[in-house]
file protein19.cif (mmCIF, C-alpha atoms and all ligand atoms)
data_work
loop_
_atom_site.label_atom_id
_atom_site.label_comp_id
_atom_site.auth_asym_id
_atom_site.auth_seq_id
_atom_site.Cartn_x
_atom_site.Cartn_y
_atom_site.Cartn_z
CA MET A 1 93.37 -68.85 -27.21
CA ARG A 2 97.07 -68.10 -27.11
CA ARG A 3 99.60 -66.30 -25.02
CA ILE A 4 99.98 -62.55 -25.15
CA PRO A 5 102.79 -61.33 -27.42
CA SER A 6 105.23 -59.44 -25.22
CA LYS A 7 105.51 -56.58 -27.69
CA VAL A 8 101.80 -55.90 -27.38
CA TRP A 9 101.21 -56.45 -23.69
CA PRO A 10 103.23 -55.43 -20.66
CA PRO A 11 105.33 -58.30 -19.24
CA GLU A 12 103.29 -58.43 -16.04
CA TYR A 13 100.27 -59.48 -18.10
CA SER A 14 102.08 -62.22 -19.97
CA ASN A 15 100.46 -65.03 -17.99
CA ARG A 16 96.98 -63.92 -19.01
CA VAL A 17 95.25 -65.73 -21.83
CA LEU A 18 94.73 -63.68 -24.95
CA SER A 19 91.61 -63.91 -27.08
CA SER A 20 91.68 -62.43 -30.56
CA VAL A 21 88.48 -61.51 -32.32
CA THR A 22 87.63 -59.50 -35.42
CA VAL A 23 84.30 -57.72 -35.75
CA SER A 24 83.30 -55.94 -38.95
CA ALA A 25 80.60 -53.45 -39.79
CA THR A 26 78.35 -54.48 -42.66
CA PRO A 27 76.60 -52.22 -45.21
CA ASP A 28 73.18 -52.93 -43.67
CA LEU A 29 74.08 -51.39 -40.29
CA LYS A 30 74.95 -54.64 -38.60
CA PHE A 31 78.00 -56.22 -37.06
CA THR A 32 79.44 -59.52 -38.09
CA PRO A 33 79.78 -61.60 -36.03
CA THR A 34 76.87 -60.63 -33.79
CA GLU A 35 78.38 -62.47 -30.86
CA PHE A 36 81.68 -63.76 -29.56
CA THR A 37 82.81 -65.42 -26.35
CA VAL A 38 85.79 -64.59 -24.14
CA LYS A 39 87.00 -65.85 -20.77
CA ALA A 40 86.32 -63.69 -17.74
CA GLY A 41 89.33 -61.49 -16.95
CA SER A 42 91.23 -62.52 -20.08
CA ALA A 43 93.11 -60.13 -22.31
CA VAL A 44 91.19 -59.44 -25.50
CA GLN A 45 92.53 -58.07 -28.74
CA LEU A 46 89.55 -56.91 -30.76
CA MET A 47 90.07 -55.81 -34.35
CA PHE A 48 87.19 -53.65 -35.52
CA ARG A 49 86.91 -53.22 -39.29
CA ASN A 50 84.67 -50.83 -41.16
CA PRO A 51 84.56 -51.46 -44.91
CA ASP A 52 81.42 -49.28 -45.13
CA ASN A 53 81.36 -45.61 -46.22
CA LEU A 54 79.40 -44.51 -43.15
CA TYR A 55 80.81 -43.72 -39.74
CA HIS A 56 80.75 -46.64 -37.34
CA ASN A 57 82.38 -47.54 -34.04
CA LEU A 58 82.21 -50.38 -31.56
CA VAL A 59 81.33 -49.69 -27.95
CA ILE A 60 81.15 -52.39 -25.28
CA VAL A 61 78.72 -51.58 -22.50
CA ASN A 62 77.67 -53.11 -19.21
CA ALA A 63 74.95 -55.73 -19.20
CA GLY A 64 71.55 -54.07 -19.08
CA SER A 65 72.73 -50.62 -20.14
CA LEU A 66 72.33 -50.88 -23.93
CA ASP A 67 69.21 -48.70 -24.22
CA LYS A 68 70.49 -46.08 -21.80
CA ILE A 69 73.79 -45.68 -23.63
CA GLY A 70 72.08 -45.73 -27.04
CA LEU A 71 69.66 -42.98 -26.05
CA LYS A 72 72.50 -40.89 -24.64
CA ALA A 73 74.40 -41.33 -27.91
CA ASP A 74 71.34 -40.16 -29.84
CA MET A 75 71.26 -37.00 -27.74
CA MET A 76 74.83 -36.23 -28.84
CA ALA A 77 73.64 -35.95 -32.47
CA GLY A 78 72.83 -32.28 -31.97
CA GLN A 79 76.07 -31.43 -30.19
CA ALA A 80 78.76 -29.61 -32.15
CA ASP A 81 81.44 -31.81 -30.61
CA GLY A 82 79.48 -35.06 -30.88
CA LEU A 83 81.68 -36.52 -33.58
CA ASP A 84 84.84 -35.34 -31.80
CA LYS A 85 83.63 -37.40 -28.85
CA ASN A 86 82.92 -40.30 -31.23
CA TYR A 87 79.28 -40.12 -30.05
CA VAL A 88 80.42 -42.07 -27.00
CA PRO A 89 78.51 -40.93 -23.90
CA ASP A 90 80.52 -40.10 -20.80
CA ASP A 91 79.03 -42.85 -18.68
CA PRO A 92 80.52 -45.48 -16.36
CA ASP A 93 78.52 -48.19 -18.16
CA VAL A 94 80.69 -47.62 -21.26
CA LEU A 95 83.46 -50.19 -20.78
CA HIS A 96 85.57 -49.94 -23.95
CA PHE A 97 85.18 -48.18 -27.27
CA THR A 98 86.80 -47.51 -30.60
CA PRO A 99 86.69 -44.14 -32.34
CA GLN A 100 84.26 -43.54 -35.18
CA ILE A 101 86.00 -44.69 -38.35
CA THR A 102 85.04 -44.41 -41.99
CA LEU A 103 86.32 -43.95 -45.51
CA GLY A 104 89.47 -41.88 -45.67
CA ILE A 105 90.11 -41.92 -41.94
CA ALA A 106 90.89 -45.53 -41.18
CA ARG A 107 89.45 -48.87 -42.02
CA SER A 108 90.24 -50.63 -38.81
CA TYR A 109 91.06 -50.07 -35.19
CA LYS A 110 92.63 -52.44 -32.70
CA LEU A 111 91.13 -52.36 -29.24
CA ASN A 112 93.03 -54.08 -26.43
CA PHE A 113 91.27 -54.62 -23.14
CA PHE A 114 90.62 -57.05 -20.33
CA ALA A 115 87.29 -58.84 -20.33
CA PRO A 116 85.08 -58.18 -17.33
CA SER A 117 85.79 -60.49 -14.38
CA GLU A 118 82.05 -61.03 -13.97
CA PRO A 119 80.58 -63.58 -16.40
CA GLY A 120 77.57 -62.35 -18.34
CA GLU A 121 76.38 -60.93 -21.63
CA TYR A 122 77.88 -57.57 -22.48
CA PRO A 123 76.34 -55.79 -25.48
CA TYR A 124 78.41 -54.02 -28.11
CA ILE A 125 76.86 -51.30 -30.20
CA CYS A 126 77.70 -48.63 -32.72
CA THR A 127 76.96 -45.29 -31.06
CA PHE A 128 76.66 -43.24 -34.24
CA PRO A 129 73.23 -41.69 -33.53
CA GLY A 130 70.46 -44.10 -34.51
CA HIS A 131 72.70 -47.01 -35.47
CA TRP A 132 72.57 -48.72 -32.07
CA ARG A 133 68.93 -49.68 -32.56
CA ILE A 134 69.99 -52.36 -35.03
CA MET A 135 73.79 -52.27 -34.99
CA ARG A 136 74.49 -54.41 -31.97
CA GLY A 137 76.01 -57.65 -30.80
CA VAL A 138 76.85 -59.52 -27.61
CA MET A 139 80.19 -60.30 -25.99
CA LYS A 140 79.62 -63.41 -23.89
CA VAL A 141 81.93 -63.57 -20.89
CA VAL A 142 82.31 -67.03 -19.42
CA LYS A 143 84.21 -68.53 -16.47
CU CU B 1 77.30 -47.33 -37.11
#
call {"tool": "encode", "arguments": {"input": "protein19.cif", "output": "structure tokens"}}
result
Amino acid sequence: MRRIPSKVWPPEYSNRVLSSVTVSATPDLKFTPTEFTVKAGSAVQLMFRNPDNLYHNLVIVNAGSLDKIGLKADMMAGQADGLDKNYVPDDPDVLHFTPQITLGIARSYKLNFFAPSEPGEYPYICTFPGHWRIMRGVMKVVK
């Protein structure tokens, strides 16, 4: 844990604790690490890396909504604009997400957000259709 760099975060947030975490996609459709812990309400700087040659993203969803969001993402597979929407369903249970990234587009994406104020286990998944069934992890939010 460390303080938020002023050039990254607005001054009014400077008293919030910053957690930094890096999550990478792996070639076997997994994330590493498969879990990380942040403080409730803290500022989080999540670096998502994709060294793989497939499309992957990282989507943090509300506790208990993993299957619903995954199935909705699968349904976007047949939509012409699915990739433009990063296969991220328009749903209030989607909390934060990165774009789909792959070879030649970008290798990493920095996602800045505030952790939920409610402690719990918040899943993160890749919403590229089909991947979420195995490509998943858990953000643990603690007091
Ligand atoms: Cu994926």
call {"tool": "atom_distance", "arguments": {"input": "protein19.cif", "atom1": "atom CA of A:Asp81", "atom2": "atom CA of A:Pro51"}}
result
24.5 Å
call {"tool": "residues_near_ligand", "arguments": {"input": "protein19.cif", "ligand": "ligand CU 1 (chain B)", "cutoff": "9 Å", "atoms": "all atoms listed in the file", "output": "list in words"}}
result
Ala25, Leu29, Lys30, Phe31, Leu54, Tyr55, His56, Asn57, Leu58, Gln100, Ile125, Cys126, Thr127, Phe128, Pro129, Gly130, His131, Trp132 and Met135 of chain A
call {"tool": "residues_around", "arguments": {"input": "protein19.cif", "residues": "A:Thr32", "least_positions_apart": "6", "cutoff": "9 Å", "atoms": "only C-alpha atoms", "output": "ChimeraX atom specification"}}
result
/A:22-26,137
call {"tool": "atom_distance", "arguments": {"input": "protein19.cif", "atom1": "atom CA of A:Lys39", "atom2": "atom CA of A:Asp93"}}
result
19.8 Å
call {"tool": "atom_distance", "arguments": {"input": "protein19.cif", "atom1": "atom CA of A:Asp52", "atom2": "atom CA of A:Tyr109"}}
result
13.9 Å
call {"tool": "residues_around", "arguments": {"input": "protein19.cif", "residues": "A:His96", "least_positions_apart": "5", "cutoff": "9 Å", "atoms": "all atoms listed in the file", "output": "ChimeraX atom specification"}}
result
/A:58-61,111-113
call {"tool": "residues_around", "arguments": {"input": "protein19.cif", "residues": "A:Arg107", "least_positions_apart": "4", "cutoff": "7 Å", "atoms": "all atoms listed in the file", "output": "MDAnalysis selection string"}}
result
chainID A and resid 49:51 101:103
call {"tool": "closest_residue", "arguments": {"input": "protein19.cif", "among": "A:Leu95, A:Pro33, A:Ala40, A:Ala77", "to": "A:Ser19", "atoms": "all atoms listed in the file"}}
result
A:Ala40
call {"tool": "closest_residue", "arguments": {"input": "protein19.cif", "among": "A:Val38, A:Leu71, A:Val21, A:Val94", "to": "A:Ser117", "atoms": "all atoms listed in the file"}}
result
A:Val38
call {"tool": "closest_residue", "arguments": {"input": "protein19.cif", "among": "A:Met139, A:Arg133, A:Gly104, A:Pro123", "to": "A:Ala73", "atoms": "only C-alpha atoms"}}
result
A:Arg133
